[in-house]
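Participant: Have a look at this one.
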There are 2 protein chains.
Amino acid sequence: MKSDLDTLMQSKNLDAILVIGNGDHNPAMVYLTGGGHFGGAALFMKRDGNAVLLCNDMERDEAAKSGLTLIPASKYNYDELMKAANGNPTLASAIRYKRILTEQGIQGRIGIYGNVELGSSFAVFTHLQKLMPEIELVGESTSDSLFMKAMETKDAAEVERIRKMGAVTTEVVRRTAEYLTSREVRSDEVLLKEDGSPVTIGEVKSKINLWIAELGAENPEGTIFAIGRDAGVPHSAGNPVDLLRLGQTIVFDIYPCEAGGGYFYDFTRTWSLGYATPEAQKLYDEVKVVYDRLRDEFDLNAPLNNYQRRLCEWFEKNGHQTPLHTLAPVQGYVHSFSHGVGLNIHERPWSGLTASDDNILKPGVIFTSEPGLYYPDKGMGVRIEDTYWVRPDGGFEILAEYSYDFVLQMKKWKK
Amino acid sequence: MKSDLDTLMQSKNLDAILVIGNGDHNPAMVYLTGGGHFGGAALFMKRDGNAVLLCNDMERDEAAKSGLTLIPASKYNYDELMKAANGNPTLASAIRYKRILTEQGIQGRIGIYGNVELGSSFAVFTHLQKLMPEIELVGESTSDSLFMKAMETKDAAEVERIRKMGAVTTEVVRRTAEYLTSREVRSDEVLLKEDGSPVTIGEVKSKINLWIAELGAENPEGTIFAIGRDAGVPHSAGNPVDLLRLGQTIVFDIYPCEAGGGYFYDFTRTWSLGYATPEAQKLYDEVKVVYDRLRDEFDLNAPLNNYQRRLCEWFEKNGHQTPLHTLAPVQGYVHSFSHGVGLNIHERPWSGLTASDDNILKPGVIFTSEPGLYYPDKGMGVRIEDTYWVRPDGGFEILAEYSYDFVLQMKKWKK
């Protein structure tokens, strides 16, 4: 939680942190400022929690919503900085950082964070490190950085925001199911629009985006809505020109966030419209059994990599390839079963076989459970995913409940 | 244009480039791959144009749409890399980059690009530079990097995509005007919804987002829809709880992009509903005169900073503060009048007073013209903005025409 930042800075031996970039779609900046429509900002925070925010003068009102002390960019004369830098803009930026660090009395080990453009920031911070050999700029691995650690557990307000996004997400899923099952069906089992032409994946995805916007959310990472072979490739987004057909597996993985780049929700269902082939039904049932078993076995303080290992063993016993004994399998069980969800769609705790043992289920963690089985060559794939919250009392709660029906009955079609 | 990349690499003395990050919302990656739903990728391109794309195995289908030769991430064993790096993940990543660079025979000066997380990438590329002292990792300033230079001129296909986004943008503006002017008006000049409650800025912005989604576009950078004092602060996004009132300036600046993070359009109108105060009308007229004068004076090969200087002079003659003689003014004319538009909402050519003289109007450039005047203390602001294309024949064309009406007549209200 945000209240852990101080302790985490101590344990990481950081004297200060510097977060740069925009006020939106920039998790570390959103975390500390509440987010907003301001760009090219820089937030300096000492271990005692004192923070200042450098911002463009024009965007002062947006930046002021953070409640932080503002430093207007105009305080540092651009011409003068460029002169001092012999016309090198990345050096000029480094000189400005040096001035601010000095003015703010920031010394020692400084963690640096933020979503930015690689080349210019690499140049700026390489310059800065040379200009200030007395400080140490610390670049942490994203997988267990200060922010990933702090964000790993959520406070009550964050849980409610994610729960609300769960309600938005499942409402969009409900509308999608309603739309699909209300279609007329052609003799070749293709779904039809009102005008008699076939429904395409692209059209369904447009509707999904529309409903997400209608419910006040945003969809920066896109949606997976994939049928047939594409459903068998876990991260295939789906081919826009594919037609919707009965009796094929559809993997619908949807992960919108609050407008402006806030908290995400993550959710997947697999459907087969009208009927399921026996093979697809078998695949679905296998995944569902494993999904339920996992849910029953979730335990406080258990490392997620244990569940991943157990999942692989279960699936291998049933004859599927998994990452346990196959390098990057393309069929069978091919990914990790979980990740944390928050301001990042993927964050701590991690669940891969190589994830460290400190990625555990502890109160405040919000994580997905999403086992799946994929057979692209057979034209099918199945994944089931919900987002869980580990409650303060140690209980596990799905933040947005939704039916696990695999076969969706078509209203205007009978076998 | 993309076809200039080779020449630009030569002129910048780059032997190769490396672009990392996601396939969406990452302009350099979208530029070279066409974009797609793949993450954590790395594109290596030599000056001869030969390129390979490192991608996650699970996202191979999405990455394959680029048409590039793929290197699956599984080729490099994670456990082995981590062992070689003594468990340091950023060093492990650097070791992997070293292997790929060596395998691809990439040497010399390598430009690095892409939207990424600062801390981890700073660590990775600092490690890499130490591991390979024989190469030079080149971090360019974003303002005139290889990609900013290449993207500065657009080919015919890019122009058509931006033109299409212009049509989407102005259609959303048209719907917004239609919605606002159809409202009932309360005796205190507040606009009302069907249910008799007041219309808020937040509600109008929701509708805007909905229409953008309905028209198949995306709104990653948000929208400025600000009334009264907020209209007087150029980058204030608008206060969601503010009510819509007659006779106040509304600055409506809208810049959606193609879904998935593609090409942007940029457009602003200022409206006053029902009637305008004489003071606001005067302010609007001043901006409109200057907007038209600029348009008449656009000339091939003219540096944009010249127009900015002239604009400042015109406005100062009328008694307004400008950046020419005031440091970071908060009233009067307070920003630059133009920027390029493409895969970035702000890109070359730049138009600030300090922009270099090579930021010129040349065929293929797509740029905004957006003079404005701002008086937050008087509760008003005005900006007019269109996006122009410099045609191959040297003509200047607005990519989406729209009326310059300032006062929008209310259908159900008379003074």
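Labels used: A, B, ... for chains in the order of the structure tokens, numbers from 1 for residues in each chain, and numbers from 1 for ligands as shown.
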Just want the 7 Å neighbourhood of segment 228-233 of chain A, counted on only C-alpha atoms, with same-chain residues fewer than 3 positions away dropped. Output as a PyMOL selection string.
Facilitator: (chain A and resi 236+238+248-251+374-377+379-381) or (chain B and resi 58)
Participant: Find the residues of segment 165-231 of chain B that sit at most 12 Å from segment 184-203 of chain A; for each, write down the nearest two atoms and how far apart they are in Å, to one decimal. Count only C-alpha atoms. Sort by chain, then by number going up, and give it as JSON lines.
Facilitator:
```
{"residue": "B:Glu214", "atom": "CA", "partner": "A:Glu203", "partner_atom": "CA", "distance": 10.9}
{"residue": "B:Leu215", "atom": "CA", "partner": "A:Glu203", "partner_atom": "CA", "distance": 11.7}
{"residue": "B:Gly216", "atom": "CA", "partner": "A:Glu203", "partner_atom": "CA", "distance": 9.8}
```
Participant: Hey, which of B:Leu14, B:Leu91, B:Ile106, B:Leu304 ends up closest to chain A? Count only C-alpha atoms.
Facilitator: B:Leu91
Participant: Return as a PyMOL selection string the residues belonging to chain A that are within 6 Å of chain B, counting only C-alpha atoms.
Facilitator: chain A and resi 58-59+74+90+112-120+122-123+139-142+210+213-214+235+328
Participant: Would you list the contacts of Val204 of chain A as a ChimeraX atom specification, taking every protein, DNA or RNA residue within 9 Å and counting only C-alpha atoms, but skipping same-chain residues closer than 6 positions in sequence?
Facilitator: /A:176,179-180,225,240
Participant: List as a list of chain:residue names the protein and nucleic acid residues near Ile135 of chain B, meaning an atom at most 8 Å away when only C-alpha atoms are counted, but skip any in the same chain fewer than 3 places from it.
Facilitator: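 Final neighbour list, sorted by chain and number: B:Gln107, B:Gly108, B:Arg109, B:Ile110, B:Gln129, B:Met132.
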Participant: Quick one: of A:His346, A:His127, A:Arg309, A:Arg269, who's nearest to Ala92 of chain A, counting only C-alpha atoms?
Facilitator: A:His127
Participant: My list of candidates is B:Gly23, B:Gly340, B:Gly332, B:Gly166. Which is closest to Pro371 of chain B when distances are computed with only C-alpha atoms?
Facilitator: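 Between B:Gly23, B:Gly340, B:Gly332, B:Gly166, the residue approaching Pro371 of chain B most closely is B:Gly332.
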Participant: Of the candidates A:Arg163, A:Gly87, A:Lys415, A:Glu279, which one gets nearest to Ser356 of chain B if we count only C-alpha atoms?
Facilitator: A:Gly87
Participant: Go through A:Leu246, A:Ala355, A:Met148, A:Ile345 and flag the residue nearest Thr277 of chain A, using only C-alpha atoms for the distances.
Facilitator: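 Nearest candidate to Thr277 of chain A out of A:Leu246, A:Ala355, A:Met148, A:Ile345: A:Leu246.
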Participant: Just asking: which residues within segment 10-241 of chain A are helix (DSSP H, G or I) according to DSSP, as a ChimeraX atom specification?
Facilitator: /A:10-11,27-33,57-64,73-75,78-84,89-103,118-131,142-144,146-151,156-181,201-214,228-232
Participant: Residues near Val290 of chain B, anyone? I mean within 8 Å using only C-alpha atoms, not counting same-chain ones fewer than 2 positions away, as an MDAnalysis selection string.
Facilitator: chainID B and resid 286:288 292:294 311 314 371
Participant: What lies within 9 Å of Ser182 of chain B using only C-alpha atoms, ignoring chain neighbours under 3 positions off, as a PyMOL selection string?
Facilitator: chain B and resi 177-179+410-412
Participant: By how many Å are atom CA of Ile366 of chain A and atom CA of Asn13 of chain A apart?
Facilitator: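 Calculated distance between atom CA of Ile366 of chain A and atom CA of Asn13 of chain A is 26.8 Å.
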Participant: Check the DSSP output for the backbone and give back, as a list in words, the residues of segment 39-93 of chain B in strand (DSSP E or B).
Facilitator: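 Across segment 39-93 of chain B, those assigned strand (DSSP E or B) are Ala41, Ala42, Leu43, Phe44, Met45, Lys46, Ala51, Val52, Leu53, Leu54, Cys55, Thr69, Leu70, Ile71 and Pro72 of chain B.
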Participant: Would you mind reading off the distance between atom CA of Asp242 of chain B and atom CA of Arg174 of chain B, one decimal, in Å?
Facilitator: 21.5 Å
